[in-house]
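*Asks:* Hey, dropping coords_9.cif in here, mmCIF, C-alpha atoms:
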data_entry
#
loop_
_atom_site.label_atom_id
_atom_site.label_comp_id
_atom_site.auth_asym_id
_atom_site.auth_seq_id
_atom_site.Cartn_x
_atom_site.Cartn_y
_atom_site.Cartn_z
CA MET A 28 0.00 0.00 0.00
CA LYS A 29 1.34 3.42 -0.97
CA THR A 30 0.03 6.93 -0.45
CA TYR A 31 0.40 9.73 -3.00
CA LYS A 32 -0.70 13.34 -3.08
CA LEU A 33 -2.85 14.42 -6.02
CA LYS A 34 -2.66 17.86 -7.65
CA ASN A 35 -5.69 18.89 -5.57
CA ASN A 36 -3.68 18.10 -2.38
CA ARG A 37 -5.81 15.04 -1.54
CA ASP A 38 -4.04 11.91 -0.37
CA VAL A 39 -4.82 8.79 -2.38
CA VAL A 40 -4.00 5.24 -1.31
CA ILE A 41 -2.89 2.78 -4.00
CA ARG A 42 -3.16 -0.90 -3.19
CA GLU A 43 -3.76 -4.24 -4.83
CA ALA A 44 -7.43 -5.24 -5.11
CA LEU A 45 -8.64 -7.94 -2.74
CA LYS A 46 -11.37 -10.52 -3.16
CA SER A 47 -13.34 -8.60 -0.53
CA ASP A 48 -13.37 -5.53 -2.84
CA ALA A 49 -15.60 -7.30 -5.39
CA LYS A 50 -18.88 -5.44 -4.74
CA ASP A 51 -17.16 -2.06 -4.50
CA VAL A 52 -15.30 -2.71 -7.77
CA ILE A 53 -18.55 -3.60 -9.54
CA ASP A 54 -20.25 -0.48 -8.16
CA PHE A 55 -17.26 1.66 -9.22
CA TYR A 56 -17.30 0.33 -12.80
CA ASN A 57 -21.05 0.85 -13.06
CA VAL A 58 -20.68 4.50 -12.02
CA VAL A 59 -17.69 5.38 -14.23
CA GLY A 60 -19.30 3.62 -17.18
CA GLY A 61 -21.76 6.51 -17.22
CA GLU A 62 -19.11 9.22 -16.91
CA THR A 63 -17.24 8.63 -20.15
CA ASP A 64 -17.73 7.27 -23.64
CA PHE A 65 -14.17 5.94 -23.73
CA LEU A 66 -14.95 2.65 -21.96
CA SER A 67 -16.34 -0.47 -23.61
CA PHE A 68 -19.39 -0.30 -21.31
CA GLY A 69 -21.80 2.36 -20.16
CA LYS A 70 -23.55 3.20 -16.90
CA ASN A 71 -24.75 0.05 -15.12
CA GLU A 72 -23.51 -2.16 -17.99
CA PHE A 73 -20.79 -3.89 -15.95
CA ASN A 74 -23.06 -6.85 -15.40
CA VAL A 75 -21.19 -9.41 -13.33
CA THR A 76 -22.16 -11.03 -10.08
CA VAL A 77 -20.26 -10.43 -6.86
CA GLU A 78 -19.28 -14.11 -6.91
CA PHE A 79 -17.89 -13.77 -10.46
CA GLU A 80 -15.88 -10.67 -9.49
CA GLU A 81 -14.62 -12.36 -6.31
CA ASN A 82 -13.36 -15.27 -8.41
CA TYR A 83 -11.74 -12.89 -10.89
CA LEU A 84 -9.99 -10.95 -8.11
CA PHE A 85 -8.86 -14.18 -6.44
CA ASN A 86 -7.53 -15.60 -9.72
CA ILE A 87 -5.74 -12.43 -10.81
CA SER A 88 -4.04 -12.17 -7.41
CA ASN A 89 -2.62 -15.66 -7.94
CA GLU A 90 -1.16 -14.93 -11.38
CA GLU A 91 2.44 -13.73 -11.39
CA ASN A 92 1.89 -11.63 -14.51
CA SER A 93 -1.51 -10.01 -13.80
CA ILE A 94 -2.63 -7.43 -11.24
CA LEU A 95 -5.47 -5.05 -10.42
CA ILE A 96 -4.70 -2.02 -8.30
CA LEU A 97 -7.14 0.41 -6.76
CA ALA A 98 -6.89 4.11 -5.92
CA LEU A 99 -8.88 5.05 -2.82
CA ILE A 100 -9.74 8.22 -0.94
CA ASP A 101 -11.44 7.62 2.39
CA ASP A 102 -12.07 3.97 1.36
CA LEU A 103 -13.93 5.08 -1.80
CA ILE A 104 -12.57 3.67 -5.06
CA ILE A 105 -11.71 6.59 -7.33
CA GLY A 106 -9.58 4.69 -9.82
CA ALA A 107 -8.61 1.21 -10.94
CA ALA A 108 -5.83 0.01 -13.19
CA SER A 109 -4.82 -3.44 -14.27
CA ILE A 110 -2.48 -5.54 -16.28
CA ASN A 111 -4.09 -8.73 -17.51
CA SER A 112 -1.83 -11.31 -19.10
CA PRO A 113 -2.45 -14.63 -20.80
CA GLN A 114 -1.12 -17.68 -19.02
CA LYS A 115 -0.05 -19.43 -22.22
CA ARG A 116 3.73 -19.80 -22.48
CA ARG A 117 3.99 -18.05 -25.85
CA LEU A 118 1.98 -14.99 -24.79
CA LYS A 119 2.46 -14.59 -21.06
CA HIS A 120 5.16 -11.92 -21.53
CA VAL A 121 2.52 -9.43 -22.84
CA GLY A 122 0.18 -7.68 -20.45
CA THR A 123 -2.84 -5.60 -21.45
CA LEU A 124 -3.25 -2.39 -19.48
CA GLY A 125 -6.65 -1.05 -18.50
CA ILE A 126 -7.32 2.09 -16.48
CA VAL A 127 -10.37 4.00 -15.37
CA ILE A 128 -10.72 7.01 -13.07
CA ARG A 129 -13.79 8.74 -11.67
CA GLN A 130 -14.41 11.87 -13.70
CA GLU A 131 -13.97 14.27 -10.77
CA TYR A 132 -10.44 12.90 -10.20
CA CYS A 133 -9.27 13.12 -13.82
CA LYS A 134 -6.38 15.45 -14.71
CA LEU A 135 -5.03 15.41 -11.14
CA GLY A 136 -2.07 13.13 -11.85
CA LEU A 137 -3.77 9.89 -10.81
CA GLY A 138 -3.51 8.27 -14.23
CA LYS A 139 0.24 8.81 -14.30
CA ILE A 140 0.57 7.45 -10.75
CA LEU A 141 -1.42 4.31 -11.54
CA ILE A 142 0.35 3.59 -14.83
CA ASN A 143 3.79 4.13 -13.28
CA GLU A 144 2.83 1.72 -10.48
CA LEU A 145 1.88 -0.87 -13.10
CA ILE A 146 5.03 -0.31 -15.16
CA ASN A 147 7.22 -0.71 -12.07
CA TRP A 148 5.32 -3.82 -11.04
CA ALA A 149 5.65 -5.30 -14.55
CA LYS A 150 9.39 -4.64 -14.63
CA SER A 151 9.82 -6.41 -11.31
CA ASN A 152 7.77 -9.54 -12.03
CA ASN A 153 10.43 -11.02 -14.36
CA ILE A 154 7.75 -12.17 -16.83
CA THR A 155 6.20 -9.11 -18.48
CA LYS A 156 8.28 -7.74 -21.35
CA LYS A 157 5.60 -5.67 -23.09
CA ILE A 158 2.55 -3.71 -21.99
CA SER A 159 -0.17 -3.18 -24.59
CA LEU A 160 -3.29 -1.03 -24.47
CA ILE A 161 -6.09 0.18 -26.67
CA THR A 162 -7.84 3.54 -26.60
CA ARG A 163 -10.31 5.40 -28.72
CA CYS A 164 -8.73 7.73 -31.28
CA ASP A 165 -10.32 10.85 -29.79
CA ASN A 166 -9.13 10.16 -26.23
CA GLU A 167 -6.41 12.74 -26.79
CA PHE A 168 -5.55 13.44 -23.14
CA ALA A 169 -4.98 9.74 -22.46
CA ILE A 170 -2.99 9.22 -25.67
CA GLU A 171 -0.69 12.10 -24.72
CA LEU A 172 -0.19 10.61 -21.23
CA TYR A 173 0.61 7.20 -22.68
CA LYS A 174 3.14 8.72 -25.08
CA ASN A 175 4.75 10.69 -22.24
CA LEU A 176 5.17 7.42 -20.34
CA GLY A 177 6.93 5.77 -23.30
CA PHE A 178 4.07 4.00 -25.11
CA GLU A 179 4.18 4.05 -28.90
CA ILE A 180 1.33 3.79 -31.36
CA GLU A 181 1.46 0.36 -32.98
CA GLY A 182 -1.68 0.41 -35.09
CA VAL A 183 -5.17 1.64 -35.80
CA LEU A 184 -8.30 -0.50 -35.85
CA LYS A 185 -10.78 1.22 -38.17
CA LYS A 186 -14.36 1.79 -36.98
CA GLU A 187 -13.75 -0.45 -33.96
CA ASN A 188 -16.01 1.52 -31.61
CA TYR A 189 -19.55 2.81 -32.05
CA GLU A 190 -21.14 5.44 -29.82
CA LYS A 191 -24.05 7.84 -30.31
CA GLY A 192 -24.42 7.20 -34.03
CA LYS A 193 -20.74 7.55 -34.88
CA TYR A 194 -17.89 5.11 -35.51
CA TYR A 195 -14.46 5.68 -33.96
CA ASP A 196 -11.08 4.16 -34.67
CA THR A 197 -9.23 2.37 -31.90
CA ILE A 198 -5.53 3.00 -31.39
CA THR A 199 -3.27 0.21 -30.18
CA MET A 200 -0.21 1.23 -28.20
CA GLY A 201 2.68 -0.67 -26.66
CA LEU A 202 5.57 -0.23 -24.26
CA LEU A 203 8.57 -2.56 -24.45
CA LEU A 204 10.14 -3.12 -21.05
CA ASP A 205 13.60 -4.32 -22.10
#
Would it be possible to restate this file's structure as structure tokens?

*Replies:*
Amino acid sequence: MKTYKLKNNRDVVIREALKSDAKDVIDFYNVVGGETDFLSFGKNEFNVTVEFEENYLFNISNEENSILILALIDDLIIGAASINSPQKRRLKHVGTLGIVIRQEYCKLGLGKILINELINWAKSNNITKKISLITRCDNEFAIELYKNLGFEIEGVLKKENYEKGKYYDTITMGLLLD
């Protein structure tokens, strides 16, 4: 568990997610799904059971190359970030990064904190050699952050996302760790 200070002077605690966080994680995703169009789900569309999420959190905590970390203020989840990696021998060196932050805590430095935590964790696990991510082409603030942290654009998936009557391209990005 680590504590950081955000740009608004609030202290945020970063820690690995626990099985007991399952309901709070589901509630968090269902709220943030309605705050942005950049996620693959909308408000109340993160439809998993508490038991399913508990199993997911238990399983991810037992994988050497996968992790979910939470950002909390006063025990309220304000952000979550993960690296999910396949367990197959040929692919287990690549982790897929996912990150989501409550809208009111965006642009306060939390994204950079969470991604740096994941990069440092990945470098230390002796398995992960590459971190991949996808983002919508118009998520300019996030793309700039990823580039500043060393990620490079690797490709574009045309019309991969559809929202409010419009198609958007998806950008794939990667960071090589060695």

*Asks:* Extract, using only C-alpha atoms, all DNA, RNA and protein residues at most 7 Å from Ala107 in chain A, discarding same-chain residues fewer than 5 positions from it, and format them as a PyMOL selection string.

*Replies:* chain A and resi 96-98+126-128

*Asks:* Could the residues in this selection be saved with C-alpha atoms as a compact mmCIF listing (two decimals), in the frame of the given file?

*Replies:*
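As a result, part-v6.txt now contains:
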# COMPACT_ATOMS: atom_id res chain seq x y z
CA ILE A 96 -4.70 -2.02 -8.30
CA LEU A 97 -7.14 0.41 -6.76
CA ALA A 98 -6.89 4.11 -5.92
CA ILE A 126 -7.32 2.09 -16.48
CA VAL A 127 -10.37 4.00 -15.37
CA ILE A 128 -10.72 7.01 -13.07

*Asks:* Using all atoms listed in the file, what table do you get, as a Markdown table, when you list each residue of range 43-145 of chain A with an atom no more than 10 Å from range 176-196 of chain A, its nearest pair of atoms, and their distance in Å rounded to one decimal, rows by chain then rising number?

*Replies:*
| residue | atom | partner | partner_atom | distance |
| --- | --- | --- | --- | --- |
| A:Asp64 | CA | A:Glu190 | CA | 7.3 |
| A:Phe65 | CA | A:Asn188 | CA | 9.2 |
| A:Leu66 | CA | A:Asn188 | CA | 9.8 |
| A:Ser67 | CA | A:Asn188 | CA | 8.3 |
| A:Lys139 | CA | A:Leu176 | CA | 7.9 |
| A:Ile142 | CA | A:Leu176 | CA | 8.3 |
| A:Asn143 | CA | A:Leu176 | CA | 7.9 |

*Asks:* Take CA of Ser47 in chain A and CA of Gly60 in chain A and report the distance between them in Å, one decimal.

*Replies:*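 Separating CA of Ser47 in chain A from CA of Gly60 in chain A is a distance of 21.5 Å.
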
*Asks:* Leaving out Leu103 in chain A and any residue of its chain fewer than 6 positions from it, which residues lie within 10 Å of it when counting all atoms listed in the file, given as number ranges by chain?

*Replies:* A: 39-40, 51-52, 55, 97

*Asks:* How many Å lie between CA of Ile105 in chain A and CA of Tyr132 in chain A, rounded to one decimal?

*Replies:*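 It comes out at 7.0 Å.
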
*Asks:* Excluding same-chain residues fewer than 4 positions from range 161-165 of chain A, what lies within 6 Å of it counting all atoms listed in the file, as an MDAnalysis selection string?

*Replies:* chainID A and resid 196:199

*Asks:* Could you check the closest approach to Lys156 in chain A for each of A:His120, A:Lys50, A:Arg37, A:Lys115 and tell me which residue wins, using all atoms listed in the file?

*Replies:*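 Smallest distance to Lys156 in chain A is found for A:His120.
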
*Asks:* Go through A:Cys133, A:Met28, A:Ile94, A:Leu145 one by one, measure the shortest atom-to-atom distance of each to Phe168 in chain A using all atoms listed in the file, and give the residue with the smallest value.

*Replies:*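 Going through A:Cys133, A:Met28, A:Ile94, A:Leu145 one by one, the smallest distance to Phe168 in chain A is for A:Cys133.
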
*Asks:* Which one is closest to Trp148 in chain A: A:Glu91, A:Asp205, A:Asp38, A:Glu80? Count all atoms listed in the file.

*Replies:*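 Comparing A:Glu91, A:Asp205, A:Asp38, A:Glu80 against Trp148 in chain A, the winner is A:Glu91.
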
*Asks:* List, as a list in words, every residue that the PyMOL selection byres ((chain A and resi 78) around 12) selects in the file provided.

*Replies:*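 Evaluating the PyMOL selection byres ((chain A and resi 78) around 12) on these coordinates yields Lys46, Ser47, Asp48, Ala49, Lys50, Ile53, Asn74, Val75, Thr76, Val77, Phe79, Glu80, Glu81, Asn82, Tyr83, Leu84 and Phe85 of chain A.
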
*Asks:* The selected residues should be written to file as a PDB file, in the frame of the given file (atoms: C-alpha atoms).

*Replies:*
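Output file part31.pdb follows:
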ATOM      1  CA  LYS A  46     -11.370 -10.520  -3.160  1.00  0.00           C
ATOM      2  CA  SER A  47     -13.340  -8.600  -0.530  1.00  0.00           C
ATOM      3  CA  ASP A  48     -13.370  -5.530  -2.840  1.00  0.00           C
ATOM      4  CA  ALA A  49     -15.600  -7.300  -5.390  1.00  0.00           C
ATOM      5  CA  LYS A  50     -18.880  -5.440  -4.740  1.00  0.00           C
ATOM      6  CA  ILE A  53     -18.550  -3.600  -9.540  1.00  0.00           C
ATOM      7  CA  ASN A  74     -23.060  -6.850 -15.400  1.00  0.00           C
ATOM      8  CA  VAL A  75     -21.190  -9.410 -13.330  1.00  0.00           C
ATOM      9  CA  THR A  76     -22.160 -11.030 -10.080  1.00  0.00           C
ATOM     10  CA  VAL A  77     -20.260 -10.430  -6.860  1.00  0.00           C
ATOM     11  CA  PHE A  79     -17.890 -13.770 -10.460  1.00  0.00           C
ATOM     12  CA  GLU A  80     -15.880 -10.670  -9.490  1.00  0.00           C
ATOM     13  CA  GLU A  81     -14.620 -12.360  -6.310  1.00  0.00           C
ATOM     14  CA  ASN A  82     -13.360 -15.270  -8.410  1.00  0.00           C
ATOM     15  CA  TYR A  83     -11.740 -12.890 -10.890  1.00  0.00           C
ATOM     16  CA  LEU A  84      -9.990 -10.950  -8.110  1.00  0.00           C
ATOM     17  CA  PHE A  85      -8.860 -14.180  -6.440  1.00  0.00           C
TER      18      PHE A  85
END

*Asks:* Using the structure just given, write a file holding C-alpha atoms for range 61-156 of chain A, as a PDB file, in the first residue's frame.

*Replies:*
ATOM      1  CA  GLY A  61     -21.764   6.513 -17.224  1.00  0.00           C
ATOM      2  CA  GLU A  62     -19.112   9.221 -16.906  1.00  0.00           C
ATOM      3  CA  THR A  63     -17.236   8.633 -20.147  1.00  0.00           C
ATOM      4  CA  ASP A  64     -17.730   7.273 -23.640  1.00  0.00           C
ATOM      5  CA  PHE A  65     -14.167   5.935 -23.731  1.00  0.00           C
ATOM      6  CA  LEU A  66     -14.954   2.646 -21.958  1.00  0.00           C
ATOM      7  CA  SER A  67     -16.340  -0.468 -23.609  1.00  0.00           C
ATOM      8  CA  PHE A  68     -19.387  -0.305 -21.312  1.00  0.00           C
ATOM      9  CA  GLY A  69     -21.803   2.362 -20.161  1.00  0.00           C
ATOM     10  CA  LYS A  70     -23.553   3.195 -16.901  1.00  0.00           C
ATOM     11  CA  ASN A  71     -24.749   0.051 -15.122  1.00  0.00           C
ATOM     12  CA  GLU A  72     -23.510  -2.161 -17.986  1.00  0.00           C
ATOM     13  CA  PHE A  73     -20.785  -3.887 -15.945  1.00  0.00           C
ATOM     14  CA  ASN A  74     -23.065  -6.849 -15.399  1.00  0.00           C
ATOM     15  CA  VAL A  75     -21.193  -9.413 -13.335  1.00  0.00           C
ATOM     16  CA  THR A  76     -22.160 -11.030 -10.079  1.00  0.00           C
ATOM     17  CA  VAL A  77     -20.260 -10.433  -6.862  1.00  0.00           C
ATOM     18  CA  GLU A  78     -19.281 -14.113  -6.912  1.00  0.00           C
ATOM     19  CA  PHE A  79     -17.888 -13.769 -10.461  1.00  0.00           C
ATOM     20  CA  GLU A  80     -15.875 -10.665  -9.488  1.00  0.00           C
ATOM     21  CA  GLU A  81     -14.616 -12.359  -6.313  1.00  0.00           C
ATOM     22  CA  ASN A  82     -13.358 -15.268  -8.405  1.00  0.00           C
ATOM     23  CA  TYR A  83     -11.741 -12.889 -10.887  1.00  0.00           C
ATOM     24  CA  LEU A  84      -9.987 -10.954  -8.108  1.00  0.00           C
ATOM     25  CA  PHE A  85      -8.860 -14.179  -6.444  1.00  0.00           C
ATOM     26  CA  ASN A  86      -7.532 -15.602  -9.718  1.00  0.00           C
ATOM     27  CA  ILE A  87      -5.737 -12.428 -10.811  1.00  0.00           C
ATOM     28  CA  SER A  88      -4.043 -12.166  -7.408  1.00  0.00           C
ATOM     29  CA  ASN A  89      -2.620 -15.656  -7.935  1.00  0.00           C
ATOM     30  CA  GLU A  90      -1.158 -14.934 -11.377  1.00  0.00           C
ATOM     31  CA  GLU A  91       2.441 -13.731 -11.389  1.00  0.00           C
ATOM     32  CA  ASN A  92       1.886 -11.629 -14.510  1.00  0.00           C
ATOM     33  CA  SER A  93      -1.507 -10.006 -13.797  1.00  0.00           C
ATOM     34  CA  ILE A  94      -2.634  -7.425 -11.243  1.00  0.00           C
ATOM     35  CA  LEU A  95      -5.474  -5.048 -10.424  1.00  0.00           C
ATOM     36  CA  ILE A  96      -4.696  -2.017  -8.305  1.00  0.00           C
ATOM     37  CA  LEU A  97      -7.142   0.412  -6.759  1.00  0.00           C
ATOM     38  CA  ALA A  98      -6.886   4.107  -5.919  1.00  0.00           C
ATOM     39  CA  LEU A  99      -8.880   5.047  -2.822  1.00  0.00           C
ATOM     40  CA  ILE A 100      -9.737   8.219  -0.944  1.00  0.00           C
ATOM     41  CA  ASP A 101     -11.438   7.615   2.394  1.00  0.00           C
ATOM     42  CA  ASP A 102     -12.070   3.971   1.361  1.00  0.00           C
ATOM     43  CA  LEU A 103     -13.933   5.075  -1.799  1.00  0.00           C
ATOM     44  CA  ILE A 104     -12.566   3.670  -5.062  1.00  0.00           C
ATOM     45  CA  ILE A 105     -11.707   6.587  -7.329  1.00  0.00           C
ATOM     46  CA  GLY A 106      -9.577   4.685  -9.822  1.00  0.00           C
ATOM     47  CA  ALA A 107      -8.611   1.209 -10.941  1.00  0.00           C
ATOM     48  CA  ALA A 108      -5.832   0.008 -13.193  1.00  0.00           C
ATOM     49  CA  SER A 109      -4.824  -3.444 -14.272  1.00  0.00           C
ATOM     50  CA  ILE A 110      -2.481  -5.540 -16.283  1.00  0.00           C
ATOM     51  CA  ASN A 111      -4.091  -8.735 -17.514  1.00  0.00           C
ATOM     52  CA  SER A 112      -1.829 -11.306 -19.103  1.00  0.00           C
ATOM     53  CA  PRO A 113      -2.446 -14.626 -20.804  1.00  0.00           C
ATOM     54  CA  GLN A 114      -1.116 -17.676 -19.023  1.00  0.00           C
ATOM     55  CA  LYS A 115      -0.049 -19.426 -22.224  1.00  0.00           C
ATOM     56  CA  ARG A 116       3.726 -19.805 -22.478  1.00  0.00           C
ATOM     57  CA  ARG A 117       3.993 -18.049 -25.851  1.00  0.00           C
ATOM     58  CA  LEU A 118       1.979 -14.994 -24.793  1.00  0.00           C
ATOM     59  CA  LYS A 119       2.460 -14.593 -21.055  1.00  0.00           C
ATOM     60  CA  HIS A 120       5.160 -11.919 -21.532  1.00  0.00           C
ATOM     61  CA  VAL A 121       2.522  -9.433 -22.841  1.00  0.00           C
ATOM     62  CA  GLY A 122       0.177  -7.677 -20.453  1.00  0.00           C
ATOM     63  CA  THR A 123      -2.840  -5.602 -21.451  1.00  0.00           C
ATOM     64  CA  LEU A 124      -3.252  -2.390 -19.483  1.00  0.00           C
ATOM     65  CA  GLY A 125      -6.648  -1.050 -18.502  1.00  0.00           C
ATOM     66  CA  ILE A 126      -7.316   2.087 -16.484  1.00  0.00           C
ATOM     67  CA  VAL A 127     -10.375   4.002 -15.368  1.00  0.00           C
ATOM     68  CA  ILE A 128     -10.716   7.010 -13.071  1.00  0.00           C
ATOM     69  CA  ARG A 129     -13.787   8.735 -11.671  1.00  0.00           C
ATOM     70  CA  GLN A 130     -14.405  11.874 -13.701  1.00  0.00           C
ATOM     71  CA  GLU A 131     -13.967  14.271 -10.774  1.00  0.00           C
ATOM     72  CA  TYR A 132     -10.436  12.905 -10.203  1.00  0.00           C
ATOM     73  CA  CYS A 133      -9.267  13.119 -13.820  1.00  0.00           C
ATOM     74  CA  LYS A 134      -6.384  15.451 -14.710  1.00  0.00           C
ATOM     75  CA  LEU A 135      -5.035  15.414 -11.136  1.00  0.00           C
ATOM     76  CA  GLY A 136      -2.074  13.130 -11.850  1.00  0.00           C
ATOM     77  CA  LEU A 137      -3.768   9.891 -10.805  1.00  0.00           C
ATOM     78  CA  GLY A 138      -3.506   8.265 -14.233  1.00  0.00           C
ATOM     79  CA  LYS A 139       0.237   8.807 -14.299  1.00  0.00           C
ATOM     80  CA  ILE A 140       0.572   7.448 -10.749  1.00  0.00           C
ATOM     81  CA  LEU A 141      -1.417   4.310 -11.539  1.00  0.00           C
ATOM     82  CA  ILE A 142       0.352   3.594 -14.828  1.00  0.00           C
ATOM     83  CA  ASN A 143       3.790   4.129 -13.282  1.00  0.00           C
ATOM     84  CA  GLU A 144       2.830   1.717 -10.480  1.00  0.00           C
ATOM     85  CA  LEU A 145       1.884  -0.875 -13.101  1.00  0.00           C
ATOM     86  CA  ILE A 146       5.030  -0.310 -15.162  1.00  0.00           C
ATOM     87  CA  ASN A 147       7.222  -0.710 -12.073  1.00  0.00           C
ATOM     88  CA  TRP A 148       5.317  -3.824 -11.040  1.00  0.00           C
ATOM     89  CA  ALA A 149       5.653  -5.298 -14.550  1.00  0.00           C
ATOM     90  CA  LYS A 150       9.388  -4.638 -14.633  1.00  0.00           C
ATOM     91  CA  SER A 151       9.820  -6.415 -11.309  1.00  0.00           C
ATOM     92  CA  ASN A 152       7.769  -9.544 -12.032  1.00  0.00           C
ATOM     93  CA  ASN A 153      10.433 -11.016 -14.365  1.00  0.00           C
ATOM     94  CA  ILE A 154       7.755 -12.165 -16.829  1.00  0.00           C
ATOM     95  CA  THR A 155       6.202  -9.107 -18.477  1.00  0.00           C
ATOM     96  CA  LYS A 156       8.279  -7.738 -21.349  1.00  0.00           C
TER      97      LYS A 156
END
